[in-house]
>>> print(open('query_39.txt').read())   # compact mmCIF, N, CA and C atoms and all ligand atoms
# COMPACT_ATOMS: atom_id res chain seq x y z
N MET A 1 78.52 54.87 143.00
CA MET A 1 78.23 56.07 143.79
C MET A 1 79.34 57.11 143.61
N ARG A 2 80.57 56.62 143.61
CA ARG A 2 81.70 57.53 143.48
C ARG A 2 81.65 58.23 142.11
N ARG A 3 81.28 57.47 141.06
CA ARG A 3 81.21 58.04 139.71
C ARG A 3 80.13 59.13 139.64
N LEU A 4 79.01 58.89 140.31
CA LEU A 4 77.92 59.86 140.32
C LEU A 4 78.38 61.17 140.97
N ILE A 5 79.10 61.04 142.06
CA ILE A 5 79.58 62.24 142.76
C ILE A 5 80.54 63.02 141.85
N LEU A 6 81.39 62.29 141.16
CA LEU A 6 82.35 62.94 140.26
C LEU A 6 81.61 63.68 139.14
N THR A 7 80.57 63.02 138.59
CA THR A 7 79.78 63.64 137.53
C THR A 7 79.12 64.92 138.01
N LEU A 8 78.55 64.84 139.20
CA LEU A 8 77.89 66.03 139.77
C LEU A 8 78.90 67.16 139.98
N ALA A 9 80.10 66.79 140.41
CA ALA A 9 81.14 67.80 140.64
C ALA A 9 81.52 68.47 139.33
N LEU A 10 81.61 67.69 138.25
CA LEU A 10 81.97 68.25 136.94
C LEU A 10 80.87 69.19 136.43
N LEU A 11 79.61 68.76 136.65
CA LEU A 11 78.49 69.60 136.22
C LEU A 11 78.49 70.92 136.98
N ALA A 12 78.80 70.84 138.26
CA ALA A 12 78.81 72.04 139.08
C ALA A 12 79.93 72.99 138.63
N ALA A 13 81.03 72.40 138.16
CA ALA A 13 82.18 73.22 137.77
C ALA A 13 82.00 73.83 136.38
N ALA A 14 81.16 73.21 135.56
CA ALA A 14 81.03 73.61 134.17
C ALA A 14 80.64 75.09 133.97
N PRO A 15 79.63 75.60 134.68
CA PRO A 15 79.24 77.00 134.43
C PRO A 15 80.39 77.98 134.66
N ALA A 16 81.19 77.73 135.68
CA ALA A 16 82.31 78.63 135.96
C ALA A 16 83.28 78.64 134.78
N THR A 17 83.49 77.47 134.19
CA THR A 17 84.40 77.38 133.05
C THR A 17 83.84 78.17 131.86
N LEU A 18 82.54 78.03 131.64
CA LEU A 18 81.92 78.70 130.49
C LEU A 18 82.00 80.22 130.61
N HIS A 19 81.93 80.71 131.85
CA HIS A 19 81.91 82.16 132.03
C HIS A 19 83.29 82.75 132.19
N ALA A 20 84.30 81.88 132.30
CA ALA A 20 85.66 82.40 132.48
C ALA A 20 86.09 83.16 131.22
N GLN A 21 86.84 84.21 131.42
CA GLN A 21 87.36 85.00 130.31
C GLN A 21 88.40 84.16 129.56
N THR A 22 88.25 84.03 128.26
CA THR A 22 89.25 83.31 127.48
C THR A 22 90.49 84.19 127.37
N PRO A 23 91.64 83.72 127.83
CA PRO A 23 92.82 84.56 127.74
C PRO A 23 93.23 84.79 126.28
N ALA A 24 93.65 86.02 126.00
CA ALA A 24 94.11 86.33 124.65
C ALA A 24 95.35 85.49 124.36
N ASN A 25 95.40 84.95 123.17
CA ASN A 25 96.53 84.11 122.80
C ASN A 25 96.84 84.31 121.33
N VAL A 26 98.07 84.65 121.03
CA VAL A 26 98.49 84.85 119.65
C VAL A 26 99.69 83.95 119.38
N SER A 27 99.62 83.21 118.28
CA SER A 27 100.76 82.39 117.89
C SER A 27 101.44 83.00 116.67
N VAL A 28 102.74 82.87 116.64
CA VAL A 28 103.54 83.42 115.54
C VAL A 28 104.20 82.27 114.82
N THR A 29 103.92 82.13 113.53
CA THR A 29 104.50 81.03 112.76
C THR A 29 105.31 81.58 111.58
N ALA A 30 106.23 80.76 111.11
CA ALA A 30 107.06 81.05 109.94
C ALA A 30 107.71 82.43 109.98
N PRO A 31 108.38 82.77 111.09
CA PRO A 31 109.10 84.05 111.11
C PRO A 31 110.36 83.98 110.25
N TRP A 32 110.56 84.98 109.42
CA TRP A 32 111.73 84.96 108.56
C TRP A 32 112.10 86.37 108.12
N ALA A 33 113.26 86.49 107.52
CA ALA A 33 113.73 87.77 107.00
C ALA A 33 114.56 87.50 105.76
N ARG A 34 114.80 88.56 105.00
CA ARG A 34 115.69 88.44 103.85
C ARG A 34 117.10 88.81 104.27
N ALA A 35 118.07 88.13 103.69
CA ALA A 35 119.46 88.49 103.93
C ALA A 35 119.69 89.91 103.41
N THR A 36 120.60 90.62 104.06
CA THR A 36 120.91 91.99 103.64
C THR A 36 122.36 92.11 103.22
N ALA A 37 122.63 93.08 102.36
CA ALA A 37 124.00 93.37 101.95
C ALA A 37 124.78 93.91 103.14
N ALA A 38 126.09 93.76 103.10
CA ALA A 38 126.93 94.18 104.23
C ALA A 38 126.75 95.66 104.56
N SER A 39 126.45 96.47 103.52
CA SER A 39 126.35 97.91 103.73
C SER A 39 124.91 98.36 104.04
N ALA A 40 123.97 97.43 104.02
CA ALA A 40 122.56 97.82 104.17
C ALA A 40 122.27 98.34 105.57
N MET A 41 121.51 99.42 105.64
CA MET A 41 121.11 99.99 106.92
C MET A 41 119.83 99.32 107.43
N ASN A 42 119.00 98.87 106.47
CA ASN A 42 117.66 98.39 106.82
C ASN A 42 117.41 96.97 106.32
N GLY A 43 116.49 96.30 106.99
CA GLY A 43 116.01 95.00 106.55
C GLY A 43 114.54 94.89 106.89
N ALA A 44 113.96 93.73 106.60
CA ALA A 44 112.55 93.53 106.90
C ALA A 44 112.34 92.11 107.38
N ALA A 45 111.40 91.94 108.28
CA ALA A 45 111.06 90.62 108.79
C ALA A 45 109.58 90.35 108.57
N TYR A 46 109.26 89.08 108.44
CA TYR A 46 107.91 88.65 108.12
C TYR A 46 107.49 87.48 109.01
N ALA A 47 106.19 87.28 109.14
CA ALA A 47 105.67 86.15 109.92
C ALA A 47 104.16 86.11 109.72
N THR A 48 103.56 85.05 110.22
CA THR A 48 102.09 84.96 110.23
C THR A 48 101.64 84.93 111.68
N LEU A 49 100.71 85.82 112.03
CA LEU A 49 100.24 85.93 113.41
C LEU A 49 98.77 85.54 113.49
N SER A 50 98.48 84.59 114.36
CA SER A 50 97.11 84.07 114.47
C SER A 50 96.61 84.24 115.90
N ALA A 51 95.41 84.79 116.04
CA ALA A 51 94.79 84.94 117.35
C ALA A 51 93.81 83.80 117.56
N SER A 52 93.81 83.24 118.77
CA SER A 52 92.83 82.22 119.09
C SER A 52 91.99 82.72 120.24
N GLY A 53 90.71 82.43 120.21
CA GLY A 53 89.82 82.84 121.29
C GLY A 53 89.26 84.23 121.04
N THR A 54 90.06 85.25 121.31
CA THR A 54 89.59 86.61 121.16
C THR A 54 90.50 87.38 120.20
N ALA A 55 89.97 88.46 119.65
CA ALA A 55 90.77 89.31 118.77
C ALA A 55 91.86 90.00 119.57
N ASP A 56 92.93 90.33 118.90
CA ASP A 56 94.02 91.05 119.56
C ASP A 56 94.57 92.07 118.56
N THR A 57 95.58 92.79 118.99
CA THR A 57 96.19 93.81 118.15
C THR A 57 97.70 93.73 118.26
N LEU A 58 98.36 93.67 117.11
CA LEU A 58 99.83 93.74 117.10
C LEU A 58 100.22 95.19 117.30
N THR A 59 100.92 95.46 118.39
CA THR A 59 101.26 96.85 118.69
C THR A 59 102.70 97.21 118.33
N GLY A 60 103.56 96.20 118.16
CA GLY A 60 104.94 96.52 117.82
C GLY A 60 105.80 95.28 117.82
N ALA A 61 107.09 95.49 117.55
CA ALA A 61 108.05 94.39 117.55
C ALA A 61 109.41 94.96 117.92
N SER A 62 110.28 94.07 118.37
CA SER A 62 111.64 94.50 118.70
C SER A 62 112.60 93.36 118.45
N THR A 63 113.85 93.70 118.21
CA THR A 63 114.89 92.70 117.99
C THR A 63 116.24 93.31 118.32
N PRO A 64 117.14 92.51 118.88
CA PRO A 64 118.47 93.05 119.19
C PRO A 64 119.30 93.39 117.96
N VAL A 65 118.92 92.91 116.77
CA VAL A 65 119.76 93.16 115.58
C VAL A 65 119.51 94.54 114.97
N ALA A 66 118.44 95.23 115.40
CA ALA A 66 118.13 96.53 114.82
C ALA A 66 118.00 97.59 115.90
N GLY A 67 118.47 98.80 115.59
CA GLY A 67 118.39 99.89 116.55
C GLY A 67 116.99 100.44 116.67
N MET A 68 116.18 100.25 115.61
CA MET A 68 114.83 100.78 115.61
C MET A 68 113.95 99.86 114.78
N VAL A 69 112.75 99.63 115.25
CA VAL A 69 111.83 98.72 114.57
C VAL A 69 110.47 99.40 114.41
N GLU A 70 109.89 99.29 113.22
CA GLU A 70 108.56 99.85 112.98
C GLU A 70 107.71 98.85 112.21
N LEU A 71 106.41 98.93 112.40
CA LEU A 71 105.49 98.16 111.56
C LEU A 71 105.24 98.98 110.31
N HIS A 72 105.48 98.38 109.15
CA HIS A 72 105.37 99.08 107.88
C HIS A 72 104.38 98.39 106.96
N GLN A 73 103.92 99.17 106.00
CA GLN A 73 103.09 98.63 104.93
C GLN A 73 103.69 99.10 103.60
N THR A 74 103.80 98.15 102.67
CA THR A 74 104.23 98.52 101.32
C THR A 74 102.99 98.80 100.49
N ILE A 75 102.97 99.95 99.87
CA ILE A 75 101.81 100.30 99.04
C ILE A 75 102.31 100.74 97.67
N GLN A 76 101.45 100.63 96.70
CA GLN A 76 101.79 101.05 95.36
C GLN A 76 101.02 102.34 95.06
N ALA A 77 101.76 103.41 94.83
CA ALA A 77 101.14 104.70 94.53
C ALA A 77 101.70 105.21 93.22
N ASN A 78 100.82 105.38 92.22
CA ASN A 78 101.24 105.84 90.89
C ASN A 78 102.34 104.95 90.31
N GLY A 79 102.19 103.65 90.52
CA GLY A 79 103.14 102.70 89.96
C GLY A 79 104.45 102.62 90.71
N VAL A 80 104.56 103.33 91.81
CA VAL A 80 105.81 103.33 92.58
C VAL A 80 105.57 102.64 93.92
N MET A 81 106.44 101.69 94.27
CA MET A 81 106.34 101.02 95.55
C MET A 81 106.86 101.94 96.65
N GLN A 82 106.04 102.13 97.65
CA GLN A 82 106.43 102.96 98.78
C GLN A 82 106.15 102.23 100.07
N MET A 83 106.86 102.62 101.13
CA MET A 83 106.60 102.05 102.45
C MET A 83 106.18 103.16 103.38
N ARG A 84 105.24 102.84 104.24
CA ARG A 84 104.88 103.82 105.26
C ARG A 84 104.56 103.10 106.56
N PRO A 85 104.83 103.76 107.69
CA PRO A 85 104.52 103.14 108.98
C PRO A 85 103.01 102.95 109.13
N THR A 86 102.62 101.85 109.72
CA THR A 86 101.21 101.62 110.01
C THR A 86 101.00 101.86 111.50
N GLY A 87 99.79 101.99 111.91
CA GLY A 87 99.50 101.96 113.33
C GLY A 87 99.45 100.52 113.77
N PRO A 88 98.92 100.26 114.96
CA PRO A 88 98.72 98.88 115.41
C PRO A 88 97.85 98.12 114.41
N LEU A 89 98.11 96.82 114.27
CA LEU A 89 97.40 96.00 113.28
C LEU A 89 96.51 94.97 113.97
N ALA A 90 95.25 94.92 113.57
CA ALA A 90 94.27 94.01 114.18
C ALA A 90 94.53 92.57 113.76
N ILE A 91 94.31 91.66 114.70
CA ILE A 91 94.38 90.22 114.41
C ILE A 91 93.06 89.60 114.86
N GLU A 92 92.25 89.17 113.90
CA GLU A 92 90.95 88.57 114.22
C GLU A 92 91.10 87.04 114.26
N PRO A 93 90.40 86.38 115.20
CA PRO A 93 90.44 84.91 115.22
C PRO A 93 89.99 84.34 113.87
N GLY A 94 90.71 83.38 113.36
CA GLY A 94 90.36 82.76 112.09
C GLY A 94 90.79 83.57 110.87
N LYS A 95 91.42 84.72 111.13
CA LYS A 95 91.86 85.56 110.01
C LYS A 95 93.28 86.04 110.32
N PRO A 96 94.28 85.18 110.06
CA PRO A 96 95.66 85.51 110.44
C PRO A 96 96.15 86.79 109.78
N LEU A 97 96.98 87.48 110.52
CA LEU A 97 97.66 88.67 109.98
C LEU A 97 98.96 88.18 109.33
N VAL A 98 99.05 88.34 108.03
CA VAL A 98 100.22 87.85 107.30
C VAL A 98 101.14 89.02 106.98
N LEU A 99 102.37 88.92 107.48
CA LEU A 99 103.40 89.89 107.14
C LEU A 99 104.25 89.26 106.05
N SER A 100 104.31 89.89 104.87
CA SER A 100 105.00 89.26 103.75
C SER A 100 105.53 90.34 102.82
N PRO A 101 106.51 89.98 101.97
CA PRO A 101 107.07 90.97 101.03
C PRO A 101 105.96 91.59 100.18
N GLY A 102 106.00 92.91 100.05
CA GLY A 102 105.00 93.61 99.27
C GLY A 102 103.78 94.02 100.08
N GLY A 103 103.74 93.64 101.36
CA GLY A 103 102.60 93.98 102.22
C GLY A 103 103.07 94.51 103.56
N TYR A 104 102.40 94.06 104.60
CA TYR A 104 102.83 94.45 105.94
C TYR A 104 104.16 93.78 106.26
N HIS A 105 105.01 94.50 106.96
CA HIS A 105 106.28 93.91 107.38
C HIS A 105 106.81 94.60 108.62
N VAL A 106 107.74 93.93 109.28
CA VAL A 106 108.46 94.54 110.39
C VAL A 106 109.71 95.17 109.80
N MET A 107 109.77 96.50 109.85
CA MET A 107 110.92 97.21 109.29
C MET A 107 112.04 97.23 110.32
N LEU A 108 113.19 96.70 109.92
CA LEU A 108 114.35 96.66 110.82
C LEU A 108 115.28 97.78 110.39
N MET A 109 115.38 98.81 111.20
CA MET A 109 116.21 99.97 110.83
C MET A 109 117.45 100.05 111.70
N HIS A 110 118.46 100.70 111.17
CA HIS A 110 119.74 100.83 111.87
C HIS A 110 120.25 99.45 112.28
N LEU A 111 120.35 98.57 111.28
CA LEU A 111 120.85 97.21 111.55
C LEU A 111 122.22 97.28 112.20
N LYS A 112 122.38 96.46 113.23
CA LYS A 112 123.66 96.45 113.94
C LYS A 112 124.64 95.47 113.29
N GLN A 113 124.11 94.60 112.45
CA GLN A 113 124.94 93.61 111.75
C GLN A 113 124.16 93.18 110.52
N PRO A 114 124.87 92.75 109.46
CA PRO A 114 124.15 92.25 108.28
C PRO A 114 123.36 91.00 108.64
N LEU A 115 122.24 90.80 107.97
CA LEU A 115 121.45 89.58 108.15
C LEU A 115 121.99 88.56 107.16
N LYS A 116 122.61 87.52 107.68
CA LYS A 116 123.29 86.53 106.84
C LYS A 116 122.40 85.33 106.59
N GLN A 117 122.31 84.96 105.32
CA GLN A 117 121.50 83.81 104.92
C GLN A 117 121.91 82.57 105.71
N GLY A 118 120.92 81.84 106.20
CA GLY A 118 121.17 80.61 106.95
C GLY A 118 121.22 80.82 108.45
N GLU A 119 121.42 82.08 108.87
CA GLU A 119 121.42 82.36 110.31
C GLU A 119 120.01 82.72 110.76
N SER A 120 119.86 82.98 112.04
CA SER A 120 118.56 83.41 112.55
C SER A 120 118.78 84.42 113.67
N PHE A 121 117.73 85.14 114.01
CA PHE A 121 117.82 86.14 115.08
C PHE A 121 116.48 86.20 115.81
N PRO A 122 116.51 86.60 117.10
CA PRO A 122 115.26 86.66 117.85
C PRO A 122 114.47 87.92 117.50
N ILE A 123 113.17 87.78 117.46
CA ILE A 123 112.30 88.93 117.25
C ILE A 123 111.10 88.76 118.20
N THR A 124 110.76 89.84 118.87
CA THR A 124 109.66 89.80 119.85
C THR A 124 108.49 90.64 119.36
N PHE A 125 107.33 90.02 119.31
CA PHE A 125 106.11 90.72 118.91
C PHE A 125 105.32 91.07 120.17
N THR A 126 104.78 92.28 120.23
CA THR A 126 104.01 92.70 121.38
C THR A 126 102.57 92.98 120.97
N PHE A 127 101.65 92.72 121.89
CA PHE A 127 100.22 92.78 121.60
C PHE A 127 99.47 93.60 122.64
N ALA A 128 98.27 94.01 122.28
CA ALA A 128 97.45 94.78 123.21
C ALA A 128 97.04 93.92 124.39
N HIS A 129 96.79 92.64 124.16
CA HIS A 129 96.27 91.77 125.23
C HIS A 129 97.20 90.60 125.54
N ALA A 130 97.62 89.88 124.53
CA ALA A 130 98.44 88.68 124.76
C ALA A 130 99.83 89.06 125.26
N ALA A 131 100.46 88.12 125.94
CA ALA A 131 101.84 88.32 126.39
C ALA A 131 102.75 88.39 125.16
N PRO A 132 103.88 89.09 125.27
CA PRO A 132 104.80 89.17 124.14
C PRO A 132 105.26 87.78 123.70
N VAL A 133 105.49 87.63 122.40
CA VAL A 133 105.93 86.35 121.84
C VAL A 133 107.28 86.56 121.16
N THR A 134 108.29 85.80 121.59
CA THR A 134 109.60 85.87 120.97
C THR A 134 109.84 84.62 120.13
N VAL A 135 110.24 84.83 118.88
CA VAL A 135 110.51 83.72 117.97
C VAL A 135 111.86 83.95 117.30
N GLN A 136 112.38 82.90 116.68
CA GLN A 136 113.63 82.99 115.94
C GLN A 136 113.32 83.13 114.45
N ALA A 137 113.69 84.27 113.88
CA ALA A 137 113.45 84.50 112.46
C ALA A 137 114.59 83.92 111.66
N LYS A 138 114.25 83.06 110.70
CA LYS A 138 115.26 82.47 109.84
C LYS A 138 115.58 83.44 108.70
N ILE A 139 116.83 83.51 108.33
CA ILE A 139 117.25 84.44 107.28
C ILE A 139 117.38 83.68 105.95
N ALA A 140 116.53 84.07 105.02
CA ALA A 140 116.52 83.46 103.68
C ALA A 140 117.37 84.31 102.73
N GLY A 141 117.44 83.90 101.48
CA GLY A 141 118.24 84.62 100.49
C GLY A 141 117.74 86.03 100.28
N PRO A 142 118.58 86.92 99.68
CA PRO A 142 118.23 88.33 99.55
C PRO A 142 116.96 88.56 98.70
N GLY A 143 116.67 87.70 97.75
CA GLY A 143 115.50 87.92 96.91
C GLY A 143 114.34 86.99 97.22
N ALA A 144 114.42 86.29 98.35
CA ALA A 144 113.39 85.31 98.69
C ALA A 144 112.03 85.97 98.84
N THR A 145 110.99 85.27 98.40
CA THR A 145 109.64 85.79 98.56
C THR A 145 108.86 85.02 99.62
N ALA A 146 109.46 83.96 100.15
CA ALA A 146 108.84 83.15 101.22
C ALA A 146 109.97 82.53 102.04
N PRO A 147 109.67 82.07 103.28
CA PRO A 147 110.74 81.52 104.12
C PRO A 147 111.43 80.29 103.55
CU CU B 201 109.44 99.12 105.49
>>> encode(input="query_39.txt", output="structure tokens")
Amino acid sequence: MRRLILTLALLAAAPATLHAQTPANVSVTAPWARATAASAMNGAAYATLSASGTADTLTGASTPVAGMVELHQTIQANGVMQMRPTGPLAIEPGKPLVLSPGGYHVMLMHLKQPLKQGESFPITFTFAHAAPVTVQAKIAGPGATAP
């Protein structure tokens, strides 16, 4: 009898669960950056951002190691590599947003200190819906193409 009551209670609770709004959730994996020369003003950070449940939008990033941070895209125009600021970037469930050398990246401007290989620094990603996510970006070699 007790089991039957429990089953009925679960059935009664089920519709509410189905209709509940799925909270936006974005995970950030493999955050990293390239080491910079001592005199470098700028650096770049990379990561993979995945949305689960509902789509979200990457609206920006921040880090204590840089005075200014922008979302950038590297494009090739007339055989010349150029960077330009992007607007907010969409993250669709099942289609991770990959920030990587030669593509989208977090531009770290007015570096307050050189990025030294083997060290790490905090970087916070902000979204239209999900709560901000802070991760530790590992610093790879100056010419690294992956973390
Ligand atoms: Cu850039």
>>> residues_around(input="query_39.txt", residues="Thr57 in chain A", least_positions_apart="6", cutoff="6 Å", atoms="only N, CA and C atoms", output="list of chain:residue names")
A:Pro88, A:Leu89, A:Ala90, A:Ile91, A:Thr126, A:Phe127, A:Ala128, A:His129
>>> residues_near_ligand(input="query_39.txt", ligand="ligand CU 201 (chain B)", cutoff="8 Å", atoms="only N, CA and C atoms and all ligand atoms", output="ChimeraX atom specification")
/A:43-45,70-74,82-85,104-108
>>> atom_distance(input="query_39.txt", atom1="atom C of Met109 in chain A", atom2="CA of Phe121 in chain A")
14.3 Å
>>> atom_distance(input="query_39.txt", atom1="atom C of Pro122 in chain A", atom2="CA of Val135 in chain A")
5.8 Å
>>> select_by_dssp(input="query_39.txt", residues="chain A", states="strand (DSSP E)", output="ChimeraX atom specification")
/A:25-34,43-52,56-62,66-77,80-85,89-91,97-99,104-111,120-127,133-140
>>> closest_residue(input="query_39.txt", among="A:Thr145, A:Val133, A:Gln117, A:Pro101", to="Thr36 in chain A", atoms="only C-alpha atoms")
A:Gln117
>>> select_by_dssp(input="query_39.txt", residues="range 1-134 of chain A", states="helix (DSSP H, G or I)", output="PyMOL selection string")
chain A and resi 2-19
>>> write_last_selection(input="query_39.txt", atoms="N, CA and C atoms", output="PDB file, in the coordinates of the input")
ATOM      1  N   ARG A   2      80.570  56.620 143.610  1.00  0.00           N
ATOM      2  CA  ARG A   2      81.700  57.530 143.480  1.00  0.00           C
ATOM      3  C   ARG A   2      81.650  58.230 142.110  1.00  0.00           C
ATOM      4  N   ARG A   3      81.280  57.470 141.060  1.00  0.00           N
ATOM      5  CA  ARG A   3      81.210  58.040 139.710  1.00  0.00           C
ATOM      6  C   ARG A   3      80.130  59.130 139.640  1.00  0.00           C
ATOM      7  N   LEU A   4      79.010  58.890 140.310  1.00  0.00           N
ATOM      8  CA  LEU A   4      77.920  59.860 140.320  1.00  0.00           C
ATOM      9  C   LEU A   4      78.380  61.170 140.970  1.00  0.00           C
ATOM     10  N   ILE A   5      79.100  61.040 142.060  1.00  0.00           N
ATOM     11  CA  ILE A   5      79.580  62.240 142.760  1.00  0.00           C
ATOM     12  C   ILE A   5      80.540  63.020 141.850  1.00  0.00           C
ATOM     13  N   LEU A   6      81.390  62.290 141.160  1.00  0.00           N
ATOM     14  CA  LEU A   6      82.350  62.940 140.260  1.00  0.00           C
ATOM     15  C   LEU A   6      81.610  63.680 139.140  1.00  0.00           C
ATOM     16  N   THR A   7      80.570  63.020 138.590  1.00  0.00           N
ATOM     17  CA  THR A   7      79.780  63.640 137.530  1.00  0.00           C
ATOM     18  C   THR A   7      79.120  64.920 138.010  1.00  0.00           C
ATOM     19  N   LEU A   8      78.550  64.840 139.200  1.00  0.00           N
ATOM     20  CA  LEU A   8      77.890  66.030 139.770  1.00  0.00           C
ATOM     21  C   LEU A   8      78.900  67.160 139.980  1.00  0.00           C
ATOM     22  N   ALA A   9      80.100  66.790 140.410  1.00  0.00           N
ATOM     23  CA  ALA A   9      81.140  67.800 140.640  1.00  0.00           C
ATOM     24  C   ALA A   9      81.520  68.470 139.330  1.00  0.00           C
ATOM     25  N   LEU A  10      81.610  67.690 138.250  1.00  0.00           N
ATOM     26  CA  LEU A  10      81.970  68.250 136.940  1.00  0.00           C
ATOM     27  C   LEU A  10      80.870  69.190 136.430  1.00  0.00           C
ATOM     28  N   LEU A  11      79.610  68.760 136.650  1.00  0.00           N
ATOM     29  CA  LEU A  11      78.490  69.600 136.220  1.00  0.00           C
ATOM     30  C   LEU A  11      78.490  70.920 136.980  1.00  0.00           C
ATOM     31  N   ALA A  12      78.800  70.840 138.260  1.00  0.00           N
ATOM     32  CA  ALA A  12      78.810  72.040 139.080  1.00  0.00           C
ATOM     33  C   ALA A  12      79.930  72.990 138.630  1.00  0.00           C
ATOM     34  N   ALA A  13      81.030  72.400 138.160  1.00  0.00           N
ATOM     35  CA  ALA A  13      82.180  73.220 137.770  1.00  0.00           C
ATOM     36  C   ALA A  13      82.000  73.830 136.380  1.00  0.00           C
ATOM     37  N   ALA A  14      81.160  73.210 135.560  1.00  0.00           N
ATOM     38  CA  ALA A  14      81.030  73.610 134.170  1.00  0.00           C
ATOM     39  C   ALA A  14      80.640  75.090 133.970  1.00  0.00           C
ATOM     40  N   PRO A  15      79.630  75.600 134.680  1.00  0.00           N
ATOM     41  CA  PRO A  15      79.240  77.000 134.430  1.00  0.00           C
ATOM     42  C   PRO A  15      80.390  77.980 134.660  1.00  0.00           C
ATOM     43  N   ALA A  16      81.190  77.730 135.680  1.00  0.00           N
ATOM     44  CA  ALA A  16      82.310  78.630 135.960  1.00  0.00           C
ATOM     45  C   ALA A  16      83.280  78.640 134.780  1.00  0.00           C
ATOM     46  N   THR A  17      83.490  77.470 134.190  1.00  0.00           N
ATOM     47  CA  THR A  17      84.400  77.380 133.050  1.00  0.00           C
ATOM     48  C   THR A  17      83.840  78.170 131.860  1.00  0.00           C
ATOM     49  N   LEU A  18      82.540  78.030 131.640  1.00  0.00           N
ATOM     50  CA  LEU A  18      81.920  78.700 130.490  1.00  0.00           C
ATOM     51  C   LEU A  18      82.000  80.220 130.610  1.00  0.00           C
ATOM     52  N   HIS A  19      81.930  80.710 131.850  1.00  0.00           N
ATOM     53  CA  HIS A  19      81.910  82.160 132.030  1.00  0.00           C
ATOM     54  C   HIS A  19      83.290  82.750 132.190  1.00  0.00           C
TER      55      HIS A  19
END
>>> atom_distance(input="query_39.txt", atom1="CA of Phe125 in chain A", atom2="atom C of Met81 in chain A")
24.9 Å
>>> residues_around(input="query_39.txt", residues="Leu111 in chain A", least_positions_apart="4", cutoff="8 Å", atoms="all atoms listed in the file", output="ChimeraX atom specification")
/A:40-43,64-68,115
>>> closest_residue(input="query_39.txt", among="A:Pro114, A:Gly60, A:Pro93, A:Tyr46", to="Thr29 in chain A", atoms="only C-alpha atoms")
A:Tyr46
>>> residues_near_point(input="query_39.txt", point="(119.2, 82.7, 114.7)", cutoff="6.5 Å", atoms="all atoms listed in the file", output="ChimeraX atom specification")
/A:119-122,136-138
>>> closest_residue(input="query_39.txt", among="A:Ser52, A:Gly141, A:Asn25, A:Pro147", to="Lys95 in chain A", atoms="only C-alpha atoms")
A:Ser52
>>> residues_near_point(input="query_39.txt", point="(114.7, 83.3, 104.5)", cutoff="6.5 Å", atoms="only N, CA and C atoms", output="PyMOL selection string")
chain A and resi 32-35+138-141+144+146-147
>>> closest_residue(input="query_39.txt", among="A:Gly143, A:Ala130, A:Ala37, A:Val80", to="Ala55 in chain A", atoms="all atoms listed in the file")
A:Ala130
>>> closest_residue(input="query_39.txt", among="A:Asn78, A:Thr86, A:Thr124, A:Ser27", to="Ala61 in chain A", atoms="all atoms listed in the file")
A:Thr124
>>> decode(input="query_39.txt", residues="range 69-91 of chain A", atoms="C-alpha atoms", output="short mmCIF file (atom, residue, chain, number, x, y, z; two decimals), in the first residue's frame")
data_model
loop_
_atom_site.label_atom_id
_atom_site.label_comp_id
_atom_site.auth_asym_id
_atom_site.auth_seq_id
_atom_site.Cartn_x
_atom_site.Cartn_y
_atom_site.Cartn_z
CA VAL A 69 38.76 42.13 -22.90
CA GLU A 70 36.89 41.71 -26.19
CA LEU A 71 35.43 38.82 -28.14
CA HIS A 72 37.33 38.67 -31.42
CA GLN A 73 37.24 36.77 -34.65
CA THR A 74 40.25 36.11 -36.85
CA ILE A 75 39.38 36.37 -40.52
CA GLN A 76 41.39 36.10 -43.68
CA ALA A 77 40.89 39.01 -46.08
CA ASN A 78 42.92 39.14 -49.30
CA GLY A 79 45.37 36.65 -47.86
CA VAL A 80 45.95 38.75 -44.75
CA MET A 81 44.96 37.58 -41.28
CA GLN A 82 42.94 40.21 -39.49
CA MET A 83 41.09 40.38 -36.20
CA ARG A 84 37.86 42.16 -35.56
CA PRO A 85 35.51 42.38 -32.57
CA THR A 86 32.43 40.20 -32.80
CA GLY A 87 29.09 40.82 -31.20
CA PRO A 88 27.65 38.29 -28.76
CA LEU A 89 28.16 34.70 -29.93
CA ALA A 90 25.35 32.12 -30.00
CA ILE A 91 25.77 28.75 -28.27
#
